[in-house]
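Dumped entry16.json below, it's JSON, C-alpha atoms:
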```
[["chain", "number", "residue", "atom", "x", "y", "z"],
["V", 1, "MET", "CA", -187.53, -61.38, -40.74],
["V", 2, "SER", "CA", -184.83, -63.46, -42.33],
["V", 3, "PRO", "CA", -185.57, -66.61, -44.34],
["V", 4, "GLU", "CA", -183.85, -68.66, -41.60],
["V", 5, "ASP", "CA", -186.18, -67.19, -38.96],
["V", 6, "ALA", "CA", -189.19, -67.96, -41.12],
["V", 7, "GLU", "CA", -188.02, -71.56, -41.56],
["V", 8, "ARG", "CA", -187.54, -71.95, -37.79],
["V", 9, "ILE", "CA", -191.03, -70.57, -37.15],
["V", 10, "ASP", "CA", -192.52, -72.88, -39.78],
["V", 11, "ALA", "CA", -190.70, -75.89, -38.29],
["V", 12, "ALA", "CA", -191.90, -74.98, -34.79],
["V", 13, "ALA", "CA", -195.49, -74.57, -36.03],
["V", 14, "ILE", "CA", -195.37, -77.96, -37.77],
["V", 15, "ALA", "CA", -193.91, -79.65, -34.66],
["V", 16, "THR", "CA", -196.61, -78.09, -32.47],
["V", 17, "ALA", "CA", -199.40, -79.15, -34.84],
["V", 18, "SER", "CA", -198.00, -82.68, -35.03],
["V", 19, "GLN", "CA", -197.82, -82.94, -31.24],
["V", 20, "LYS", "CA", -201.38, -81.61, -31.01],
["V", 21, "SER", "CA", -202.56, -84.34, -33.40],
["V", 22, "LEU", "CA", -201.20, -86.99, -31.01],
["V", 23, "GLU", "CA", -202.93, -85.27, -28.07],
["V", 24, "LEU", "CA", -206.21, -85.22, -29.99],
["V", 25, "LEU", "CA", -205.86, -88.92, -30.86],
["V", 26, "PHE", "CA", -205.26, -89.67, -27.18],
["V", 27, "ASP", "CA", -208.36, -87.71, -26.12],
["V", 28, "TYR", "CA", -210.43, -89.31, -28.88],
["V", 29, "THR", "CA", -209.36, -92.80, -27.78],
["V", 30, "LYS", "CA", -210.01, -92.06, -24.09],
["V", 31, "PHE", "CA", -213.51, -90.87, -25.03],
["V", 32, "HIS", "CA", -214.12, -94.13, -26.90],
["V", 33, "ILE", "CA", -212.94, -96.24, -23.97],
["V", 34, "GLY", "CA", -215.34, -94.36, -21.66],
["V", 35, "LEU", "CA", -218.14, -94.86, -24.17],
["V", 36, "TYR", "CA", -217.47, -98.60, -24.35],
["V", 37, "LEU", "CA", -217.46, -98.92, -20.57],
["V", 38, "THR", "CA", -220.65, -96.91, -20.22],
["V", 39, "LEU", "CA", -222.52, -98.79, -22.94],
["V", 40, "THR", "CA", -221.39, -102.18, -21.64],
["V", 41, "ALA", "CA", -222.50, -101.34, -18.10],
["V", 42, "SER", "CA", -225.78, -99.94, -19.42],
["V", 43, "TYR", "CA", -226.41, -103.05, -21.51],
["V", 44, "ILE", "CA", -225.72, -105.35, -18.56],
["V", 45, "ALA", "CA", -227.88, -103.22, -16.25],
["V", 46, "ALA", "CA", -230.74, -103.00, -18.75],
["V", 47, "THR", "CA", -230.80, -106.79, -19.07],
["V", 48, "SER", "CA", -230.80, -107.23, -15.28],
["V", 49, "VAL", "CA", -233.41, -104.70, -14.11],
["V", 50, "LYS", "CA", -236.68, -106.16, -12.92],
["V", 51, "VAL", "CA", -239.99, -104.31, -12.83],
["V", 52, "HIS", "CA", -242.84, -106.09, -11.02],
["V", 53, "GLU", "CA", -240.90, -109.38, -10.98],
["V", 54, "SER", "CA", -240.29, -109.42, -14.73],
["V", 55, "LEU", "CA", -237.24, -108.23, -16.61],
["V", 56, "LEU", "CA", -237.52, -104.75, -18.06],
["V", 57, "LEU", "CA", -235.68, -105.81, -21.20],
["V", 58, "LYS", "CA", -235.78, -109.37, -22.42],
["V", 59, "ILE", "CA", -232.84, -110.45, -24.49],
["V", 60, "ASP", "CA", -231.82, -113.46, -26.46],
["V", 61, "ALA", "CA", -229.40, -114.98, -23.95],
["V", 62, "ARG", "CA", -227.33, -116.55, -26.74],
["V", 63, "LEU", "CA", -226.37, -113.04, -27.90],
["V", 64, "PHE", "CA", -225.63, -111.51, -24.48],
["V", 65, "TRP", "CA", -222.05, -112.76, -24.06],
["V", 66, "PRO", "CA", -220.98, -112.20, -27.68],
["V", 67, "ALA", "CA", -222.10, -108.56, -27.32],
["V", 68, "VAL", "CA", -220.23, -108.13, -24.02],
["V", 69, "ILE", "CA", -217.11, -109.82, -25.40],
["V", 70, "CYS", "CA", -217.11, -107.55, -28.47],
["V", 71, "PHE", "CA", -217.45, -104.50, -26.19],
["V", 72, "MET", "CA", -214.46, -105.83, -24.23],
["V", 73, "VAL", "CA", -212.39, -106.35, -27.40],
["V", 74, "ALA", "CA", -213.15, -102.76, -28.45],
["V", 75, "GLY", "CA", -212.04, -101.51, -25.03],
["V", 76, "LEU", "CA", -208.90, -103.64, -25.11],
["V", 77, "ALA", "CA", -207.89, -102.36, -28.54],
["V", 78, "GLY", "CA", -208.62, -98.78, -27.46],
["V", 79, "GLY", "CA", -206.54, -99.31, -24.33],
["V", 80, "ILE", "CA", -203.62, -100.58, -26.39],
["V", 81, "VAL", "CA", -203.79, -97.49, -28.60],
["V", 82, "ALA", "CA", -204.15, -95.03, -25.70],
["V", 83, "SER", "CA", -201.42, -96.57, -23.57],
["V", 84, "SER", "CA", -199.04, -96.73, -26.53],
["V", 85, "ILE", "CA", -199.48, -93.02, -27.30],
["V", 86, "THR", "CA", -197.86, -92.21, -23.96],
["V", 87, "GLN", "CA", -194.80, -94.31, -24.88],
["V", 88, "THR", "CA", -194.31, -93.41, -28.53],
["V", 89, "HIS", "CA", -191.42, -91.61, -30.14],
["V", 90, "ALA", "CA", -193.64, -90.66, -33.08],
["V", 91, "ARG", "CA", -193.92, -86.95, -33.67],
["V", 92, "SER", "CA", -197.43, -87.00, -35.19],
["V", 93, "SER", "CA", -200.56, -89.11, -35.25],
["V", 94, "GLY", "CA", -199.74, -90.07, -38.86],
["V", 95, "GLN", "CA", -196.40, -91.52, -37.78],
["V", 96, "PHE", "CA", -197.97, -93.17, -34.75],
["V", 97, "LEU", "CA", -200.62, -94.91, -36.87],
["V", 98, "GLU", "CA", -197.80, -96.64, -38.77],
["V", 99, "GLU", "CA", -195.97, -97.89, -35.64],
["V", 100, "ASN", "CA", -196.21, -101.50, -34.49],
["V", 101, "ILE", "CA", -197.81, -101.65, -31.08],
["V", 102, "GLY", "CA", -199.34, -104.35, -28.92],
["V", 103, "PRO", "CA", -199.83, -105.60, -25.39],
["V", 104, "TRP", "CA", -196.76, -106.35, -23.31],
["V", 105, "GLU", "CA", -193.89, -107.92, -25.24],
["V", 106, "ILE", "CA", -195.99, -110.44, -27.16],
["V", 107, "LYS", "CA", -194.54, -109.98, -30.63],
["V", 108, "TRP", "CA", -197.29, -111.87, -32.50],
["V", 109, "LEU", "CA", -199.81, -109.40, -31.09],
["V", 110, "HIS", "CA", -197.94, -106.35, -32.37],
["V", 111, "PHE", "CA", -199.79, -104.77, -35.30],
["V", 112, "LYS", "CA", -199.69, -101.32, -36.78],
["V", 113, "THR", "CA", -201.65, -98.84, -34.69],
["V", 114, "ARG", "CA", -203.99, -98.35, -37.64],
["V", 115, "TYR", "CA", -204.98, -102.04, -37.40],
["V", 116, "TRP", "CA", -205.70, -101.69, -33.67],
["V", 117, "THR", "CA", -208.02, -98.77, -34.45],
["V", 118, "TRP", "CA", -209.80, -100.91, -37.02],
["V", 119, "ILE", "CA", -210.18, -103.73, -34.49],
["V", 120, "GLU", "CA", -211.48, -101.23, -31.93],
["V", 121, "HIS", "CA", -214.09, -99.66, -34.19],
["V", 122, "THR", "CA", -215.19, -102.90, -35.83],
["V", 123, "ALA", "CA", -215.63, -104.70, -32.49],
["V", 124, "PHE", "CA", -217.62, -101.74, -31.16],
["V", 125, "TRP", "CA", -220.05, -101.65, -34.08],
["V", 126, "ILE", "CA", -220.46, -105.43, -34.00],
["V", 127, "SER", "CA", -221.17, -105.31, -30.27],
["V", 128, "LEU", "CA", -223.70, -102.53, -30.73],
["V", 129, "GLY", "CA", -225.41, -104.48, -33.50],
["V", 130, "ILE", "CA", -225.52, -107.70, -31.48],
["V", 131, "ALA", "CA", -226.84, -105.85, -28.42],
["V", 132, "ALA", "CA", -229.57, -104.19, -30.49],
["V", 133, "VAL", "CA", -230.59, -107.46, -32.15],
["V", 134, "SER", "CA", -230.59, -109.32, -28.82],
["V", 135, "ALA", "CA", -233.09, -106.95, -27.18],
["V", 136, "ARG", "CA", -236.77, -107.67, -27.12],
["V", 137, "PRO", "CA", -238.89, -105.19, -25.10]]
```

Please render this file's structure as structure tokens.
Amino acid sequence: MSPEDAERIDAAAIATASQKSLELLFDYTKFHIGLYLTLTASYIAATSVKVHESLLLKIDARLFWPAVICFMVAGLAGGIVASSITQTHARSSGQFLEENIGPWEIKWLHFKTRYWTWIEHTAFWISLGIAAVSARP
């Protein structure tokens, strides 16, 4: 094998690995969005279920909407990341994390992808914490 052939094979392997990293980021983000939807629906259902005319799970009503809103923010940020992956010209997840993305054409909402992932994860953990604190069996 010539050195040129080896370089072409190396370049092809790197391109394939980079593309795979974007695919994995997409799958990871889709999983998170599904998790947020499931947990939000479960939280709402658990606070609404009645057993023998009393609520199964009593919650502090002041914390209900902040928890739901934080779940929604996490889902929104995840949706922005996932939908932007399908439209990127980045060749790897590392490049994609440095791109400015955001909803629609609203320039003041365009942040680096990395920041959207931070918003997503932070909002999720805050929502989970608020939901846990709000519950009183």

Discussion item. Could you list, as a ChimeraX atom specification, every residue within 12 Å of Leu37 in chain V, counting all atoms listed in the file and ignoring same-chain residues fewer than 6 positions away?
Written reply: /V:30-31,43-44,68-76,78-79,124

Write the residues you've just listed into a file as a compact mmCIF listing (two decimals), in the coordinates of the input, and include C-alpha atoms for each of them.
```
# COMPACT_ATOMS: atom_id res chain seq x y z
CA LYS V 30 -210.01 -92.06 -24.09
CA PHE V 31 -213.51 -90.87 -25.03
CA TYR V 43 -226.41 -103.05 -21.51
CA ILE V 44 -225.72 -105.35 -18.56
CA VAL V 68 -220.23 -108.13 -24.02
CA ILE V 69 -217.11 -109.82 -25.40
CA CYS V 70 -217.11 -107.55 -28.47
CA PHE V 71 -217.45 -104.50 -26.19
CA MET V 72 -214.46 -105.83 -24.23
CA VAL V 73 -212.39 -106.35 -27.40
CA ALA V 74 -213.15 -102.76 -28.45
CA GLY V 75 -212.04 -101.51 -25.03
CA LEU V 76 -208.90 -103.64 -25.11
CA GLY V 78 -208.62 -98.78 -27.46
CA GLY V 79 -206.54 -99.31 -24.33
CA PHE V 124 -217.62 -101.74 -31.16
```

### Task
Tell me, as a PyMOL selection string, which residues lie within 8 Å of His110 in chain V, counting only C-alpha atoms; anything in the same chain fewer than 5 positions away does not count.
chain V and resi 100-103

Atom pair CA of Thr88 in chain V / CA of His121 in chain V: separation (Å) |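 Computing it gives 21.5 Å between the two atoms.
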
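The two atoms in question, CA of Ala46 in chain V and CA of Ser127 in chain V, are spaced 15.2 Å apart.
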
Pairwise distance for CA of Leu63 in chain V and CA of Trp116 in chain V, rounded to one decimal in Å
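Computing the Euclidean distance for CA of Leu63 in chain V and CA of Trp116 in chain V yields 24.3 Å.
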
The residue from V:Ala82, V:Ala41, V:Leu25, V:Ala67 with the smallest atom-to-atom distance to Ala131 in chain V, counting all atoms listed in the file, is V:Ala67

For Ser93 in chain V, the closest of V:Glu53, V:Glu120, V:Asp60, V:Glu23 counting all atoms listed in the file is V:Glu23

Closest of V:Phe96, V:Tyr36, V:Trp104, V:Phe64 to Ala123 in chain V, counting only C-alpha atoms, is V:Tyr36

Excluding same-chain residues fewer than 4 positions from Ser92 in chain V, what lies within 8 Å of it counting all atoms listed in the file, as a list in words?
->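 The residues that qualify are Ser18, Gln19, Lys20, Ser21, Leu22 and Phe96 of chain V.
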
Would you write out those residues with C-alpha atoms, as an mmCIF file, keeping the file's coordinate frame?
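Listed below is the output, out39.cif:
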```cif
data_model
loop_
_atom_site.group_PDB
_atom_site.id
_atom_site.type_symbol
_atom_site.label_atom_id
_atom_site.label_comp_id
_atom_site.auth_asym_id
_atom_site.auth_seq_id
_atom_site.Cartn_x
_atom_site.Cartn_y
_atom_site.Cartn_z
ATOM 1 C CA SER V 18 -198.000 -82.680 -35.030
ATOM 2 C CA GLN V 19 -197.820 -82.940 -31.240
ATOM 3 C CA LYS V 20 -201.380 -81.610 -31.010
ATOM 4 C CA SER V 21 -202.560 -84.340 -33.400
ATOM 5 C CA LEU V 22 -201.200 -86.990 -31.010
ATOM 6 C CA PHE V 96 -197.970 -93.170 -34.750
#
```

Query - Pick from V:Gln95, V:Thr117, V:Thr122, V:Thr40, whichever lies nearest to Trp65 in chain V using all atoms listed in the file - result: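 The shortest atom-to-atom distance to Trp65 in chain V comes from V:Thr40.
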
Do you know which residues are at most 9 Å from Thr47 in chain V counting all atoms listed in the file, after dropping those on the same chain fewer than 2 positions away, and could you put them as a tab-separated table (two decimals) with C-alpha atoms, keeping the file's coordinate frame?
```tsv
chain	number	residue	atom	x	y	z
V	42	SER	CA	-225.78	-99.94	-19.42
V	43	TYR	CA	-226.41	-103.05	-21.51
V	44	ILE	CA	-225.72	-105.35	-18.56
V	45	ALA	CA	-227.88	-103.22	-16.25
V	49	VAL	CA	-233.41	-104.70	-14.11
V	50	LYS	CA	-236.68	-106.16	-12.92
V	55	LEU	CA	-237.24	-108.23	-16.61
V	56	LEU	CA	-237.52	-104.75	-18.06
V	57	LEU	CA	-235.68	-105.81	-21.20
V	58	LYS	CA	-235.78	-109.37	-22.42
V	59	ILE	CA	-232.84	-110.45	-24.49
V	64	PHE	CA	-225.63	-111.51	-24.48
V	135	ALA	CA	-233.09	-106.95	-27.18
```
